[in-house]
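Here the structure comes first, spelled out in structure tokens, and everything after it is commentary.
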Amino acid sequence: MQCPFLNRFGANYLRNYADILYQSYGIFCPVISKTIHTTNEKKLSPLSSLPFSVKSTRSYSTKSYSVDTSLADYDVRSDNDNAIDTAKENSTFPYEKFFNEQILKKKKDHSYRVFKRVNRLAGDGLFPHALEYSSQSERPITVWCANDYLGMSAHPNVKNAVKEALDIHGSGAGGTRNIAGNSLHHERLERKLADLHQKEAALLFTSCFVANDSTLFTLAKLLPNCHIFSDSGNHASMIQGIRNSGVRKHIFRHNDVNHLRVLLQQVDKVTPKIVAFETVHSMTGAICPLEELLDIAHEYGAITFIDEVHAVGLYGDHGAGVGERDGVLSKMDIISGTLGKAFGNIGGYIAGSSALIDMVRSYAAGFIFTTSLPPTVVCGALEAINILASEEGRQLRSLHQRNVSYLKNLLLREGFPVEDTPSHIIPIKIGDPLICTQISNMLMEKFGHYIQSINYPTVARGQEKLRLAPTPFHTFEMMNALVTDLKKVWDKLELSTNVPLTPNGCMFCSTESCWHQDNCPDLECGIPNCPRLELSVAA
């Protein structure tokens with residue numbers, strides 16, 4: 001008789017996971033459960049204890065499978081210990097078995113990642129829509145989680161700049177910056193980035209991960225007896241550069257000015273120091289107390305490394321980030337940014353003094369030993385930066401902030417657990433990886449909304465969330481539909497909601513004066529008979 005459970009799996013799968021299947025599900029099987037027994041030191045091999053013979057056969061007509069031979073006895077200790085024991089017995093390390101065990105760990109704690117198959121659309125009027133293929137059939141969806149915050153990847157001028165560069169220069173860069181990979185376009189983009197951040201020079205990298213990692217590593221290794229003071233919420237790219245440098249590091253609590261001061265006081269003022277932090281946190285949406293952190297760092301003789309990745313293009317009169325918005329660009333020693341988010345392309349960069357940039361250019365392996373960005377990317381990014389530094393960019397930023405405010409207040413009004421944040425990022429706290437993934441999948445499959453679940457290691461365990469990033473091109477109708485559908489999913493999963501703080505409030509504000517009436521008088525509020533709108537009309 002064929003086993004109704006095992007015949008669903010292939011032979012290779014059973015070979016790799018027999019131990020786990022035996023331990024996890026054996027007690028539920030009326031046949032195998034009778035054979036389960038353990039000793040004080042060792043659990044018997046699942047295959048050796050079966051009351052029937054297991055052959056290496058495959059029936060194509062019935063699509064049933066069975067596995068062959070026996071596996072080594074399974075010692076219920078750590079995976080590494082078991083793998084080493086097996087290696088000693090077989091003279092070779094069981095690489096594939098070890099790899100599969102590591103993958104299974106991720107699946108068990110629901111942190112295993114399954115990529116959505118999404119083709120974003122860039123035709124006229126199509127952004128932020130996409131076509132999704134995860135279910136093996138094409139269907140239209142709306143994207144709510146992309147970092148293409150202002151739709152620059154679909155801007156006609158940016159696309160034309162990329163096309164022209166492709167026709168003239170081809171698709172590749174040709175080499176490293178030192179060997180055939182440097183062009184006038186690269187140098188023009190670097191000058192533009194330096195001007196944008198009011199610095200003497202800038203340097204392009206293939207990504208901002210590489211920019212952060214390479215710059216912090218290089219600076220820390222070259223500065224004698226360097227100490228690094230790192231915000232506890234820093235991005236993995238910064239952490240990697242700091243860790244790999246091997247220098248003394250001090251971790252201060254996220255955005256905690258006083259804790260940074262206490263740590264700085266413990267190191268001699270003449271000792272080289274780097275204070276590294278982000279302006280806009282990518283997952284919580286928090287914005288740092290920028291000027292206070294800069295002033296304290298300089299008071300104790302440190303230079304500052306500020307990651308503006310989620311701020312460039314979105315804040316400031318010309319899109320230079322929080323530093324420009326707060327008027328403190330002159331106090332920022334090293335700024336890192338990306339071309340892959342609000343600027344709609346790919347790549348990263350740093351900006352700073354000429355001497356600092358030249359030193360990093362000359363010593364950073366992540367810059368020296370890699371192919372440079374292709375002219376298509378460089379030209380597209382330059383066009384996007386020019387657009388966002390213009391009046392059109394200011395209008396896009398205004399619409400962007402309007403939509404962020406609308407959606408955030410709509411979610412709060414309906415009682416969703418939106419984390420308080422002053423930035424354009426809207427996190428909805430879930431706190432459970434399985435539920436977070438279920439919400440994301442149901443929104444996609446049932447209603448065509450793509451919001452990626454954010455689980456470990458992107459966020460700490462217990463901090464799982466949905467991360468929304470509305471753009472200027474998400475309409476009120478789209479946002480209303482999203483919240484309506486999210487409520488249906490919430491009810492289906494029997495999740496609780498908070499009591500809304502302003503159940504009758506306008507979706508654009510939660511203050512006494514109506515924000516959208518002052519700034520966008522031609523707009524209609526999403527709430528029927530908005531009380532604040534009626535009051536303003538009556539007045």
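Going by the structure tokens order, chains are called A, B, ..., each with residues numbered from 1, while ligands are numbered from 1 in the order shown.
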
Original post:
Quick one: DSSP strand (DSSP E) residues in segment 176-419 of chain A, as a ChimeraX atom specification?
Top reply: /A:201-205,227-231,248-252,273-278,303-307,334-338,348-352

**OP:** Using DSSP on the backbone coordinates, identify all residues within segment 281-459 of chain A classified as alpha helix (DSSP H); present the result as number ranges by chain.
**Re:** A: 290-299, 322-325, 354-363, 365-368, 375-388, 391-413, 433-442

Original post:
Distance atom CA of Glu324 of chain A-atom CA of Ala211 of chain A, one decimal place?
Top reply: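 Distance between the two atoms: 20.8 Å.
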
Subject >> Shortest interatomic distance to Gly348 of chain A - which of A:Ile335, A:Ile287, A:Leu468, A:Leu126, counting only C-alpha atoms >> reply: A:Ile335

Original post:
Hey, can you check how far atom CA of Asn212 of chain A sits from atom CA of Gly233 of chain A?
Top reply: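 Between atom CA of Asn212 of chain A and atom CA of Gly233 of chain A the gap works out to 14.5 Å.
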
Go through segment 439-510 of chain A and flag each residue having an atom no more than 12 Å from segment 305-316 of chain A; for those, report the closest pair of atoms plus their distance in Å to one decimal, using only C-alpha atoms, ordered by chain and rising number, as CSV.
residue,atom,partner,partner_atom,distance
A:Ala469,CA,A:His310,CA,11.2
A:Thr471,CA,A:Leu314,CA,10.8
A:Pro472,CA,A:Leu314,CA,11.3
